>>> print(open('input_1.csv').read())   # CSV, C-alpha atoms
chain,number,residue,atom,x,y,z
A,1,MET,CA,56.2,-8.7,-15.9
A,2,GLU,CA,53.5,-10.6,-17.7
A,3,LYS,CA,53.8,-14.1,-16.3
A,4,GLU,CA,50.6,-15.0,-14.5
A,5,GLN,CA,50.9,-15.0,-10.8
A,6,ARG,CA,48.1,-17.6,-10.5
A,7,ASP,CA,50.5,-20.2,-11.9
A,8,ILE,CA,52.4,-20.4,-8.6
A,9,PRO,CA,52.4,-24.1,-7.5
A,10,LEU,CA,49.9,-24.7,-4.8
A,11,SER,CA,52.2,-27.0,-2.9
A,12,VAL,CA,53.8,-24.1,-1.1
A,13,ARG,CA,50.5,-22.9,0.3
A,14,GLY,CA,49.1,-23.9,3.7
A,15,SER,CA,52.0,-22.4,5.7
A,16,ARG,CA,51.4,-20.4,8.8
A,17,THR,CA,50.5,-16.9,7.5
A,18,LEU,CA,51.7,-13.6,8.9
A,19,PRO,CA,49.2,-11.2,10.6
A,20,GLU,CA,47.7,-8.5,8.4
A,21,SER,CA,47.6,-6.1,11.3
A,22,GLY,CA,50.3,-5.0,13.7
A,23,ILE,CA,53.2,-4.9,11.1
A,24,GLU,CA,54.2,-1.3,10.9
A,25,ARG,CA,58.0,-1.7,10.3
A,26,LEU,CA,59.0,-4.5,7.9
A,27,LEU,CA,62.4,-5.6,6.8
A,28,ILE,CA,63.0,-7.5,3.6
A,29,ARG,CA,66.4,-9.3,3.1
A,30,GLY,CA,67.1,-8.8,-0.5
A,31,THR,CA,69.0,-11.3,-2.7
A,32,ASN,CA,72.7,-10.9,-3.6
A,33,TRP,CA,72.7,-11.0,-7.4
A,34,ILE,CA,71.4,-8.3,-9.8
A,35,GLY,CA,69.2,-10.7,-11.8
A,36,ASP,CA,67.8,-12.4,-8.7
A,37,ALA,CA,67.0,-9.0,-7.2
A,38,VAL,CA,65.0,-8.1,-10.3
A,39,MET,CA,63.1,-11.3,-10.1
A,40,THR,CA,62.1,-10.6,-6.4
A,41,LEU,CA,60.4,-7.3,-7.4
A,42,PRO,CA,56.9,-8.9,-7.8
A,43,ALA,CA,57.3,-10.5,-4.4
A,44,VAL,CA,58.2,-7.1,-3.0
A,45,ALA,CA,55.1,-5.6,-4.6
A,46,SER,CA,53.0,-8.3,-3.1
A,47,ILE,CA,54.4,-7.5,0.3
A,48,ARG,CA,53.5,-3.8,-0.2
A,49,GLU,CA,50.0,-4.8,-1.4
A,50,THR,CA,49.5,-6.6,1.9
A,51,TRP,CA,50.9,-3.9,4.2
A,52,PRO,CA,50.3,-0.7,2.3
A,53,LYS,CA,51.0,1.6,5.3
A,54,ALA,CA,54.0,-0.2,6.6
A,55,GLN,CA,57.5,1.3,6.4
A,56,ILE,CA,59.3,-1.2,4.2
A,57,SER,CA,63.1,-1.4,4.3
A,58,VAL,CA,65.4,-3.7,2.2
A,59,LEU,CA,68.7,-5.0,3.5
A,60,ALA,CA,70.9,-5.4,0.4
A,61,LYS,CA,74.5,-5.7,-0.7
A,62,PRO,CA,75.8,-2.5,-2.3
A,63,TRP,CA,76.0,-3.9,-5.8
A,64,VAL,CA,72.2,-4.7,-5.9
A,65,ALA,CA,70.9,-1.8,-3.9
A,66,GLU,CA,70.2,0.3,-6.9
A,67,VAL,CA,67.7,-2.3,-8.2
A,68,TYR,CA,65.7,-2.0,-5.0
A,69,ARG,CA,65.9,1.8,-5.1
A,70,LEU,CA,64.1,1.7,-8.4
A,71,SER,CA,61.1,-0.1,-6.8
A,72,LYS,CA,58.2,2.2,-5.8
A,73,ASP,CA,57.3,-0.4,-3.1
A,74,VAL,CA,60.5,0.2,-1.0
A,75,ASP,CA,60.8,3.1,1.5
A,76,HIS,CA,64.4,2.6,2.7
A,77,ILE,CA,67.6,0.8,1.7
A,78,ILE,CA,70.0,-0.5,4.4
A,79,ILE,CA,73.4,-1.4,3.0
A,80,PHE,CA,74.9,-4.7,4.0
A,81,GLU,CA,78.5,-3.7,3.9
A,82,GLU,CA,80.3,-6.9,3.2
A,83,PRO,CA,83.1,-6.7,2.4
A,84,GLY,CA,83.5,-3.9,4.9
A,85,ARG,CA,82.2,-3.1,8.3
A,86,HIS,CA,79.7,-6.1,8.4
A,87,GLU,CA,82.3,-8.6,7.4
A,88,GLY,CA,83.0,-11.6,9.6
A,89,ILE,CA,81.3,-12.7,12.8
A,90,PHE,CA,81.8,-9.4,14.6
A,91,GLY,CA,80.5,-7.5,11.5
A,92,LYS,CA,77.4,-9.6,11.6
A,93,ILE,CA,76.9,-8.8,15.3
A,94,ARG,CA,77.4,-5.1,14.5
A,95,LEU,CA,74.8,-5.4,11.7
A,96,SER,CA,72.3,-7.2,14.0
A,97,LYS,CA,72.7,-4.4,16.7
A,98,GLU,CA,72.1,-1.8,14.0
A,99,LEU,CA,69.0,-3.5,12.8
A,100,GLY,CA,67.8,-4.0,16.3
A,101,LYS,CA,67.7,-0.2,16.8
A,102,SER,CA,65.1,0.1,14.1
A,103,ARG,CA,62.7,-2.2,16.0
A,104,PHE,CA,61.3,-4.0,13.0
A,105,ASP,CA,58.0,-5.9,13.6
A,106,CYS,CA,58.7,-8.5,10.9
A,107,THR,CA,61.3,-9.6,8.4
A,108,ILE,CA,60.8,-11.6,5.2
A,109,LEU,CA,63.9,-13.3,4.0
A,110,LEU,CA,64.0,-13.5,0.3
A,111,GLN,CA,67.6,-14.6,0.5
A,112,ASN,CA,67.9,-18.4,1.1
A,113,ALA,CA,71.0,-18.5,3.4
A,114,ILE,CA,70.9,-19.4,7.1
A,115,GLU,CA,73.0,-16.3,7.8
A,116,ALA,CA,70.0,-14.1,7.0
A,117,ALA,CA,67.9,-15.9,9.6
A,118,ILE,CA,70.7,-15.8,12.2
A,119,ILE,CA,71.1,-12.0,11.7
A,120,ALA,CA,67.4,-11.5,12.0
A,121,LYS,CA,67.3,-13.6,15.2
A,122,TRP,CA,70.2,-11.7,16.7
A,123,ALA,CA,68.4,-8.4,15.8
A,124,GLY,CA,65.5,-9.4,18.0
A,125,ILE,CA,62.9,-9.2,15.1
A,126,PRO,CA,59.9,-11.0,16.5
A,127,LEU,CA,58.4,-12.3,13.3
A,128,ARG,CA,60.9,-14.0,10.9
A,129,ALA,CA,59.6,-15.6,7.7
A,130,GLY,CA,61.1,-17.3,4.7
A,131,TYR,CA,61.8,-20.6,3.0
A,132,ASN,CA,63.1,-23.4,5.3
A,133,SER,CA,66.3,-23.6,3.1
A,134,ASP,CA,69.9,-24.1,4.3
A,135,GLY,CA,68.7,-25.7,7.6
A,136,ARG,CA,67.3,-22.5,9.0
A,137,GLY,CA,63.7,-23.5,9.6
A,138,TRP,CA,64.1,-23.6,13.4
A,139,LEU,CA,65.2,-19.9,13.3
A,140,LEU,CA,62.0,-18.8,11.7
A,141,THR,CA,58.7,-18.1,13.3
A,142,HIS,CA,57.0,-18.6,9.9
A,143,SER,CA,58.7,-21.2,7.8
A,144,VAL,CA,57.6,-22.0,4.3
A,145,ARG,CA,58.4,-25.5,2.9
A,146,ARG,CA,60.7,-25.3,-0.2
A,147,THR,CA,59.3,-28.1,-2.3
A,148,ALA,CA,60.8,-29.7,-5.4
A,149,GLU,CA,57.9,-28.3,-7.4
A,150,ILE,CA,58.5,-24.7,-6.4
A,151,ARG,CA,62.2,-25.0,-7.3
A,152,ARG,CA,61.4,-26.0,-10.9
A,153,VAL,CA,59.4,-22.8,-11.7
A,154,HIS,CA,60.6,-19.4,-12.9
A,155,GLN,CA,62.4,-17.7,-10.1
A,156,MET,CA,59.9,-14.9,-10.1
A,157,PHE,CA,57.3,-17.5,-9.0
A,158,TYR,CA,59.7,-19.0,-6.6
A,159,TYR,CA,59.8,-15.7,-4.6
A,160,LEU,CA,56.1,-15.0,-5.2
A,161,GLY,CA,55.2,-18.5,-4.0
A,162,MET,CA,57.0,-17.9,-0.7
A,163,VAL,CA,55.4,-14.6,0.1
A,164,GLN,CA,51.9,-15.7,-0.9
A,165,ALA,CA,52.3,-18.8,1.2
A,166,LEU,CA,52.8,-16.3,4.1
A,167,GLY,CA,49.5,-14.7,3.2
A,168,CYS,CA,50.6,-11.8,1.0
A,169,ARG,CA,48.2,-10.7,-1.7
A,170,PRO,CA,49.2,-10.5,-5.4
A,171,ALA,CA,50.0,-7.0,-6.6
A,172,LYS,CA,47.2,-5.8,-8.9
A,173,ARG,CA,49.6,-4.4,-11.5
A,174,ASN,CA,52.6,-5.2,-13.6
A,175,VAL,CA,55.9,-4.7,-11.8
A,176,TYR,CA,58.7,-3.0,-13.7
A,177,LEU,CA,61.7,-1.0,-12.8
A,178,HIS,CA,60.7,2.6,-12.5
A,179,LYS,CA,63.5,5.0,-13.3
A,180,GLY,CA,63.0,8.6,-12.1
A,181,ASP,CA,63.8,11.8,-14.0
A,182,ASP,CA,67.3,11.7,-12.5
A,183,TYR,CA,68.1,8.8,-14.7
A,184,ASP,CA,67.2,10.8,-17.8
A,185,ASP,CA,69.4,13.6,-16.6
A,186,LEU,CA,72.2,11.2,-15.9
A,187,ALA,CA,71.9,9.6,-19.4
A,188,GLU,CA,72.2,13.1,-20.9
A,189,LYS,CA,75.5,13.6,-19.0
A,190,LEU,CA,76.8,10.2,-19.9
A,191,PHE,CA,76.2,10.5,-23.7
A,192,PRO,CA,79.0,13.0,-24.4
A,193,ARG,CA,81.3,11.2,-21.9
A,194,PHE,CA,81.1,8.0,-23.9
A,195,GLY,CA,80.7,9.5,-27.4
A,196,ILE,CA,77.1,8.5,-27.9
A,197,ALA,CA,75.5,10.6,-30.6
A,198,GLY,CA,71.9,10.6,-29.4
A,199,ASN,CA,70.5,11.0,-32.9
A,200,GLN,CA,70.8,7.3,-33.9
A,201,PRO,CA,69.3,4.1,-32.6
A,202,LEU,CA,71.3,2.9,-29.6
A,203,ILE,CA,71.8,-0.9,-29.4
A,204,GLY,CA,73.3,-2.4,-26.2
A,205,VAL,CA,75.2,-5.7,-26.2
A,206,ALA,CA,76.3,-7.6,-23.1
A,207,PRO,CA,78.7,-10.4,-24.1
A,208,GLY,CA,79.9,-11.2,-20.5
A,209,ALA,CA,78.4,-13.3,-17.7
A,210,ALA,CA,79.8,-13.4,-14.2
A,211,TYR,CA,78.9,-17.0,-13.5
A,212,GLY,CA,81.3,-18.4,-16.0
A,213,PRO,CA,82.1,-19.0,-19.7
A,214,ALA,CA,79.3,-21.6,-20.2
A,215,LYS,CA,76.9,-18.7,-20.2
A,216,ARG,CA,78.8,-16.7,-22.8
A,217,TRP,CA,78.0,-16.8,-26.5
A,218,PHE,CA,80.9,-16.3,-28.8
A,219,PRO,CA,82.4,-12.8,-29.1
A,220,GLU,CA,82.8,-13.1,-32.9
A,221,ARG,CA,79.1,-13.8,-33.2
A,222,PHE,CA,78.2,-10.9,-31.0
A,223,ALA,CA,80.4,-8.8,-33.3
A,224,ALA,CA,78.6,-10.1,-36.3
A,225,VAL,CA,75.2,-9.2,-34.8
A,226,ALA,CA,76.6,-5.7,-34.0
A,227,ASP,CA,77.7,-5.3,-37.6
A,228,TRP,CA,74.3,-6.3,-38.8
A,229,VAL,CA,72.3,-3.9,-36.6
A,230,ILE,CA,74.6,-1.1,-37.6
A,231,GLY,CA,74.2,-1.8,-41.3
A,232,ARG,CA,70.4,-2.2,-41.1
A,233,TYR,CA,69.5,0.5,-38.6
A,234,ASP,CA,72.4,3.0,-38.9
A,235,ALA,CA,72.8,2.4,-35.1
A,236,GLN,CA,75.4,2.9,-32.5
A,237,VAL,CA,76.4,-0.2,-30.5
A,238,LEU,CA,77.3,0.1,-26.8
A,239,ILE,CA,79.1,-2.8,-25.1
A,240,PHE,CA,78.1,-3.2,-21.5
A,241,GLY,CA,79.7,-5.2,-18.7
A,242,SER,CA,81.7,-5.1,-15.5
A,243,ALA,CA,85.4,-4.8,-15.4
A,244,GLY,CA,85.6,-8.6,-15.3
A,245,ASP,CA,83.8,-8.7,-18.7
A,246,GLY,CA,86.5,-6.6,-20.2
A,247,PRO,CA,88.2,-9.5,-22.2
A,248,SER,CA,84.9,-10.5,-23.7
A,249,ALA,CA,84.1,-6.9,-24.7
A,250,ALA,CA,87.6,-6.4,-26.2
A,251,GLU,CA,87.1,-9.6,-28.3
A,252,VAL,CA,83.7,-8.3,-29.6
A,253,LYS,CA,85.2,-4.9,-30.5
A,254,LYS,CA,88.2,-6.6,-32.2
A,255,ASN,CA,86.0,-8.8,-34.4
A,256,SER,CA,83.7,-6.0,-35.5
A,257,ARG,CA,84.0,-4.2,-38.8
A,258,HIS,CA,82.7,-1.1,-37.2
A,259,SER,CA,83.6,1.2,-34.3
A,260,LEU,CA,81.8,0.0,-31.2
A,261,LEU,CA,81.6,1.9,-27.9
A,262,ASP,CA,83.0,-0.2,-25.1
A,263,ILE,CA,81.9,1.0,-21.6
A,264,SER,CA,82.6,-2.3,-19.8
A,265,GLY,CA,84.0,-1.6,-16.3
A,266,ARG,CA,83.5,2.2,-16.8
A,267,THR,CA,80.1,2.6,-15.1
A,268,ASN,CA,78.5,2.0,-11.8
A,269,LEU,CA,75.1,0.2,-11.7
A,270,LYS,CA,73.1,3.4,-11.7
A,271,GLU,CA,75.0,4.7,-14.8
A,272,ALA,CA,74.6,1.3,-16.6
A,273,ILE,CA,70.8,1.3,-15.8
A,274,ALA,CA,70.5,4.9,-17.2
A,275,LEU,CA,72.2,3.9,-20.4
A,276,ILE,CA,70.3,0.6,-20.8
A,277,ALA,CA,67.1,2.6,-20.4
A,278,SER,CA,68.2,4.7,-23.4
A,279,CYS,CA,68.7,1.7,-25.6
A,280,ASP,CA,66.3,0.8,-28.4
A,281,LEU,CA,67.4,-2.9,-28.2
A,282,PHE,CA,69.5,-5.0,-25.9
A,283,VAL,CA,71.3,-8.2,-26.9
A,284,SER,CA,72.7,-10.2,-24.0
A,285,ASN,CA,73.7,-13.5,-22.5
A,286,ASP,CA,71.8,-14.7,-19.4
A,287,SER,CA,73.1,-12.0,-17.0
A,288,GLY,CA,72.0,-9.4,-14.5
A,289,LEU,CA,72.1,-6.7,-17.2
A,290,MET,CA,69.7,-8.8,-19.3
A,291,HIS,CA,67.2,-8.8,-16.3
A,292,ILE,CA,67.6,-5.1,-15.9
A,293,ALA,CA,66.8,-4.5,-19.6
A,294,GLY,CA,63.8,-6.8,-19.5
A,295,ALA,CA,62.4,-5.2,-16.3
A,296,LEU,CA,62.9,-1.7,-17.9
A,297,GLY,CA,60.7,-2.8,-20.8
A,298,ILE,CA,63.6,-2.5,-23.3
A,299,PRO,CA,63.3,-4.9,-26.3
A,300,THR,CA,65.7,-7.7,-25.3
A,301,VAL,CA,67.2,-10.7,-27.1
A,302,ALA,CA,68.3,-13.1,-24.4
A,303,ILE,CA,70.8,-15.8,-25.4
A,304,PHE,CA,70.7,-18.9,-23.2
A,305,GLY,CA,73.3,-21.7,-23.2
A,306,SER,CA,74.0,-23.7,-20.0
A,307,THR,CA,71.2,-22.1,-18.0
A,308,ASN,CA,67.5,-22.7,-18.0
A,309,PRO,CA,65.2,-20.1,-19.6
A,310,VAL,CA,62.2,-21.7,-17.8
A,311,ALA,CA,63.7,-20.5,-14.5
A,312,THR,CA,65.6,-17.3,-15.4
A,313,SER,CA,64.3,-15.8,-18.6
A,314,PRO,CA,63.9,-12.0,-18.5
A,315,ILE,CA,60.6,-10.8,-17.0
A,316,GLY,CA,58.8,-8.4,-19.2
A,317,GLU,CA,56.8,-8.6,-22.4
A,318,ASN,CA,59.4,-7.2,-24.9
A,319,SER,CA,61.9,-10.1,-24.9
A,320,ILE,CA,62.8,-13.0,-27.1
A,321,VAL,CA,64.8,-16.0,-25.8
A,322,VAL,CA,67.2,-17.7,-28.2
A,323,HIS,CA,67.9,-21.2,-26.9
A,324,HIS,CA,68.4,-24.8,-28.2
A,325,ASP,CA,67.5,-27.8,-26.1
A,326,VAL,CA,70.4,-30.3,-26.0
A,327,PRO,CA,70.6,-33.7,-24.2
A,328,CYS,CA,73.2,-32.4,-21.7
A,329,GLY,CA,71.4,-29.2,-20.8
A,330,PRO,CA,70.5,-27.2,-19.0
A,331,CYS,CA,73.6,-28.3,-17.0
A,332,LEU,CA,73.9,-25.1,-15.0
A,333,LYS,CA,77.7,-25.5,-15.0
A,334,ALA,CA,80.1,-22.5,-15.1
A,335,VAL,CA,82.4,-24.3,-17.5
A,336,CYS,CA,81.2,-26.6,-20.3
A,337,PRO,CA,82.6,-30.1,-19.7
A,338,LYS,CA,81.8,-31.2,-23.3
A,339,ASP,CA,81.6,-29.5,-26.6
A,340,PHE,CA,79.7,-26.3,-25.9
A,341,ARG,CA,77.0,-27.4,-28.3
A,342,CYS,CA,74.2,-25.4,-26.6
A,343,MET,CA,75.9,-22.2,-27.7
A,344,LYS,CA,77.3,-23.5,-31.0
A,345,LEU,CA,73.8,-24.2,-32.2
A,346,ILE,CA,72.8,-20.5,-31.7
A,347,THR,CA,73.5,-18.8,-35.0
A,348,VAL,CA,74.1,-15.2,-35.9
A,349,GLU,CA,71.1,-15.3,-38.2
A,350,GLU,CA,68.6,-16.3,-35.6
A,351,VAL,CA,69.8,-13.7,-33.1
A,352,CYS,CA,69.5,-11.1,-35.9
A,353,GLU,CA,66.0,-12.3,-36.8
A,354,ALA,CA,65.0,-11.9,-33.1
A,355,ALA,CA,66.5,-8.4,-33.1
A,356,ARG,CA,64.6,-7.6,-36.3
A,357,LYS,CA,61.3,-8.7,-34.9
A,358,LEU,CA,61.7,-6.6,-31.8
A,359,MET,CA,62.9,-3.5,-33.7
A,360,ASP,CA,60.1,-3.8,-36.2
A,361,ALA,CA,57.6,-4.2,-33.3
A,362,LYS,CA,59.0,-1.1,-31.7
A,363,THR,CA,58.8,0.9,-34.9
A,364,ALA,CA,55.2,-0.2,-35.4
A,365,GLU,CA,54.3,0.7,-31.9
A,366,LYS,CA,55.8,4.2,-32.3
A,367,ALA,CA,54.0,4.7,-35.5
A,368,PHE,CA,50.7,3.7,-33.8
A,369,ARG,CA,51.4,6.1,-30.9
A,370,ASP,CA,52.6,9.0,-33.0
A,371,PRO,CA,50.7,8.8,-36.4
>>> encode(input="input_1.csv", output="structure tokens")
Amino acid sequence: MEKEQRDIPLSVRGSRTLPESGIERLLIRGTNWIGDAVMTLPAVASIRETWPKAQISVLAKPWVAEVYRLSKDVDHIIIFEEPGRHEGIFGKIRLSKELGKSRFDCTILLQNAIEAAIIAKWAGIPLRAGYNSDGRGWLLTHSVRRTAEIRRVHQMFYYLGMVQALGCRPAKRNVYLHKGDDYDDLAEKLFPRFGIAGNQPLIGVAPGAAYGPAKRWFPERFAAVADWVIGRYDAQVLIFGSAGDGPSAAEVKKNSRHSLLDISGRTNLKEAIALIASCDLFVSNDSGLMHIAGALGIPTVAIFGSTNPVATSPIGENSIVVHHDVPCGPCLKAVCPKDFRCMKLITVEEVCEAARKLMDAKTAEKAFRDP
């Protein structure tokens, strides 16, 4: 994550800071989307830098928990089971009582919702810190003003700005996702299950996006890119996505001249991460899987239409964003109300050129490392 932490807008500073001593058990309320969770990791590292001996737990929804498990700065994961046992008002009361038993000294709420502050208050956590978003400032003991300026920066800085306003020190290192040996073992087991050869370059493509069709480049163009990388690099192409991305994946597969391996909806997040970590290149719309690939250091081509790459581009040094500014963008809409020009302007040729640059750089790096 090479973006400079010193670029955080100073307008968030000057808030009441948390004490450096006396915090031994700290709870972080994680965010609810995979991409957002990845972008909170530098903030989590900053929290760890400030309280190196504290027991740090993260409260997270099941579908993002694996992201926080891959952080070396987290000791424990607490699953927020919603839907499930923590659903509804009585479920939140149950969760609050469970958290209360852990006797946390402090909670830092990376999630913006008032619900997070209410649960922390009910849990009896004495120090409660976060942005004053969603009308929750009165529930917090340490409230950070969420300015217009901080809302315009990359989301990594958005979260970093908040914790540094609370007095947290910047982490003195780059922050990536750190997969353990169990991920390599898992990938080896998954290769035969999905028919992955293992002796060819592996290219991942992610043609879906949960937010809506305005974030999805055209399946036939993804197929053309897949055909190009197969022809140029004798590669295998793996189509990633959730079950909801199945129609997009099917369209890519149908439009390709080659046999593509479609695993959309056939993996859990840990399995998807293990396979992304095995890829030589990842081509994706703006999605959670794009953020996973970037944070793993996988060369990533990130295709942006309705969303803003200034705010949500992949964090990591091995990525190229393909995007065209248009008068109506970034509109941040789920469905394009006009003519989808932001995506129509993105050509197969420029995505292939970005892929070529990343693959050539990877080859050159390998040659330098292993002369």
>>> closest_atom_pairs(input="input_1.csv", of="stretch 243-349 of chain A", to="stretch 189-199 of chain A", cutoff="8 Å", atoms="only C-alpha atoms", output="tab-separated table")
residue	atom	partner	partner_atom	distance
A:Leu261	CA	A:Phe194	CA	7.3
A:Ile263	CA	A:Phe194	CA	7.4
A:Glu271	CA	A:Leu190	CA	7.7
A:Leu275	CA	A:Leu190	CA	7.8
>>> closest_residue(input="input_1.csv", among="A:Tyr233, A:Tyr176, A:Phe157, A:Trp122", to="A:Glu317", atoms="all atoms listed in the file")
A:Tyr176
>>> closest_residue(input="input_1.csv", among="A:Lys179, A:Arg152, A:Arg16, A:Lys344", to="A:Thr312", atoms="all atoms listed in the file")
A:Arg152
>>> residues_around(input="input_1.csv", residues="A:Gly84", least_positions_apart="3", cutoff="12 Å", atoms="all atoms listed in the file", output="compact mmCIF listing (two decimals) with C-alpha atoms, in the coordinates of the input")
# COMPACT_ATOMS: atom_id res chain seq x y z
CA LYS A 61 74.50 -5.70 -0.70
CA PRO A 62 75.80 -2.50 -2.30
CA ILE A 79 73.40 -1.40 3.00
CA PHE A 80 74.90 -4.70 4.00
CA GLU A 81 78.50 -3.70 3.90
CA GLU A 87 82.30 -8.60 7.40
CA GLY A 88 83.00 -11.60 9.60
CA PHE A 90 81.80 -9.40 14.60
CA GLY A 91 80.50 -7.50 11.50
CA LYS A 92 77.40 -9.60 11.60
CA ARG A 94 77.40 -5.10 14.50
CA LEU A 95 74.80 -5.40 11.70
>>> residues_near_point(input="input_1.csv", point="(75.9, -4.4, -25.3)", cutoff="7 Å", atoms="all atoms listed in the file", output="PDB file with C-alpha atoms, keeping the file's coordinate frame")
ATOM      1  CA  ILE A 203      71.800  -0.900 -29.400  1.00  0.00           C
ATOM      2  CA  GLY A 204      73.300  -2.400 -26.200  1.00  0.00           C
ATOM      3  CA  VAL A 205      75.200  -5.700 -26.200  1.00  0.00           C
ATOM      4  CA  ALA A 206      76.300  -7.600 -23.100  1.00  0.00           C
ATOM      5  CA  PRO A 207      78.700 -10.400 -24.100  1.00  0.00           C
ATOM      6  CA  VAL A 237      76.400  -0.200 -30.500  1.00  0.00           C
ATOM      7  CA  LEU A 238      77.300   0.100 -26.800  1.00  0.00           C
ATOM      8  CA  ILE A 239      79.100  -2.800 -25.100  1.00  0.00           C
ATOM      9  CA  PHE A 240      78.100  -3.200 -21.500  1.00  0.00           C
ATOM     10  CA  PHE A 282      69.500  -5.000 -25.900  1.00  0.00           C
ATOM     11  CA  VAL A 283      71.300  -8.200 -26.900  1.00  0.00           C
ATOM     12  CA  SER A 284      72.700 -10.200 -24.000  1.00  0.00           C
TER      13      SER A 284
END
>>> closest_atom_pairs(input="input_1.csv", of="stretch 107-193 of chain A", to="stretch 35-50 of chain A", cutoff="9 Å", atoms="only C-alpha atoms", output="tab-separated table")
residue	atom	partner	partner_atom	distance
A:Leu110	CA	A:Thr40	CA	7.5
A:His154	CA	A:Met39	CA	8.9
A:Gln155	CA	A:Met39	CA	6.4
A:Met156	CA	A:Met39	CA	4.8
A:Phe157	CA	A:Ala43	CA	8.4
A:Tyr158	CA	A:Thr40	CA	8.7
A:Tyr159	CA	A:Ala43	CA	5.8
A:Leu160	CA	A:Ala43	CA	4.7
A:Gly161	CA	A:Ala43	CA	8.3
A:Met162	CA	A:Ala43	CA	8.3
A:Val163	CA	A:Ala43	CA	6.4
A:Gln164	CA	A:Ser46	CA	7.8
A:Gly167	CA	A:Thr50	CA	8.2
A:Cys168	CA	A:Thr50	CA	5.4
A:Arg169	CA	A:Ser46	CA	5.5
A:Pro170	CA	A:Ser46	CA	5.0
A:Ala171	CA	A:Ser46	CA	4.8
A:Lys172	CA	A:Glu49	CA	8.1
A:Arg173	CA	A:Ala45	CA	8.9
A:Asn174	CA	A:Pro42	CA	8.1
A:Val175	CA	A:Pro42	CA	5.9
A:Tyr176	CA	A:Leu41	CA	7.8
A:Leu177	CA	A:Val38	CA	8.2
>>> atom_distance(input="input_1.csv", atom1="atom CA of A:Ile303", atom2="atom CA of A:Ala223")
14.3 Å
>>> atom_distance(input="input_1.csv", atom1="atom CA of A:Arg128", atom2="atom CA of A:Leu109")
7.6 Å
>>> residues_around(input="input_1.csv", residues="A:Ser264", least_positions_apart="5", cutoff="10 Å", atoms="all atoms listed in the file", output="MDAnalysis selection string")
chainID A and resid 206:208 238:250 272
>>> residues_near_point(input="input_1.csv", point="(84.7, -4.0, -31.7)", cutoff="10 Å", atoms="all atoms listed in the file", output="number ranges by chain")
A: 219-220, 222-224, 226-227, 237-239, 249-262
>>> residues_around(input="input_1.csv", residues="A:Gly297", least_positions_apart="3", cutoff="7 Å", atoms="all atoms listed in the file", output="VMD selection string")
chain A and resid 293 to 294 316 318
>>> closest_residue(input="input_1.csv", among="A:Ala60, A:Ala148, A:Arg341, A:Ala54", to="A:Ser133", atoms="all atoms listed in the file")
A:Ala148
>>> residues_around(input="input_1.csv", residues="A:Ala361", least_positions_apart="6", cutoff="12 Å", atoms="all atoms listed in the file", output="PDB file with C-alpha atoms, keeping the file's coordinate frame")
ATOM      1  CA  ASP A 280      66.300   0.800 -28.400  1.00  0.00           C
ATOM      2  CA  LEU A 281      67.400  -2.900 -28.200  1.00  0.00           C
ATOM      3  CA  ILE A 298      63.600  -2.500 -23.300  1.00  0.00           C
ATOM      4  CA  PRO A 299      63.300  -4.900 -26.300  1.00  0.00           C
ATOM      5  CA  THR A 300      65.700  -7.700 -25.300  1.00  0.00           C
ATOM      6  CA  GLU A 317      56.800  -8.600 -22.400  1.00  0.00           C
ATOM      7  CA  ASN A 318      59.400  -7.200 -24.900  1.00  0.00           C
ATOM      8  CA  SER A 319      61.900 -10.100 -24.900  1.00  0.00           C
ATOM      9  CA  ILE A 320      62.800 -13.000 -27.100  1.00  0.00           C
ATOM     10  CA  ALA A 354      65.000 -11.900 -33.100  1.00  0.00           C
ATOM     11  CA  ALA A 355      66.500  -8.400 -33.100  1.00  0.00           C
ATOM     12  CA  ALA A 367      54.000   4.700 -35.500  1.00  0.00           C
ATOM     13  CA  PHE A 368      50.700   3.700 -33.800  1.00  0.00           C
TER      14      PHE A 368
END
>>> residues_around(input="input_1.csv", residues="stretch 23-33 of chain A", least_positions_apart="3", cutoff="9 Å", atoms="all atoms listed in the file", output="ChimeraX atom specification")
/A:19-20,36-38,40,44,51,53-61,63-65,68,102-112,116,288
>>> atom_distance(input="input_1.csv", atom1="atom CA of A:Gly305", atom2="atom CA of A:Asp286")
8.1 Å
>>> build_atoms(input="input_1.csv", residues="stretch 295-299 of chain A", atoms="N, CA, C and O atoms", output="PDB file, keeping the file's coordinate frame")
ATOM      1  N   ALA A 295      63.287  -5.825 -17.335  1.00  0.00           N
ATOM      2  CA  ALA A 295      62.400  -5.200 -16.300  1.00  0.00           C
ATOM      3  C   ALA A 295      62.185  -3.708 -16.658  1.00  0.00           C
ATOM      4  O   ALA A 295      61.186  -3.132 -16.209  1.00  0.00           O
ATOM      5  N   LEU A 296      63.078  -3.090 -17.426  1.00  0.00           N
ATOM      6  CA  LEU A 296      62.900  -1.700 -17.900  1.00  0.00           C
ATOM      7  C   LEU A 296      61.945  -1.637 -19.075  1.00  0.00           C
ATOM      8  O   LEU A 296      61.561  -0.554 -19.503  1.00  0.00           O
ATOM      9  N   GLY A 297      61.600  -2.801 -19.641  1.00  0.00           N
ATOM     10  CA  GLY A 297      60.700  -2.800 -20.800  1.00  0.00           C
ATOM     11  C   GLY A 297      61.492  -2.610 -22.120  1.00  0.00           C
ATOM     12  O   GLY A 297      60.867  -2.366 -23.160  1.00  0.00           O
ATOM     13  N   ILE A 298      62.827  -2.690 -22.087  1.00  0.00           N
ATOM     14  CA  ILE A 298      63.600  -2.500 -23.300  1.00  0.00           C
ATOM     15  C   ILE A 298      63.518  -3.809 -24.134  1.00  0.00           C
ATOM     16  O   ILE A 298      63.659  -4.913 -23.592  1.00  0.00           O
ATOM     17  N   PRO A 299      63.266  -3.734 -25.448  1.00  0.00           N
ATOM     18  CA  PRO A 299      63.300  -4.900 -26.300  1.00  0.00           C
ATOM     19  C   PRO A 299      64.590  -5.692 -26.111  1.00  0.00           C
ATOM     20  O   PRO A 299      65.664  -5.125 -26.328  1.00  0.00           O
TER      21      PRO A 299
END
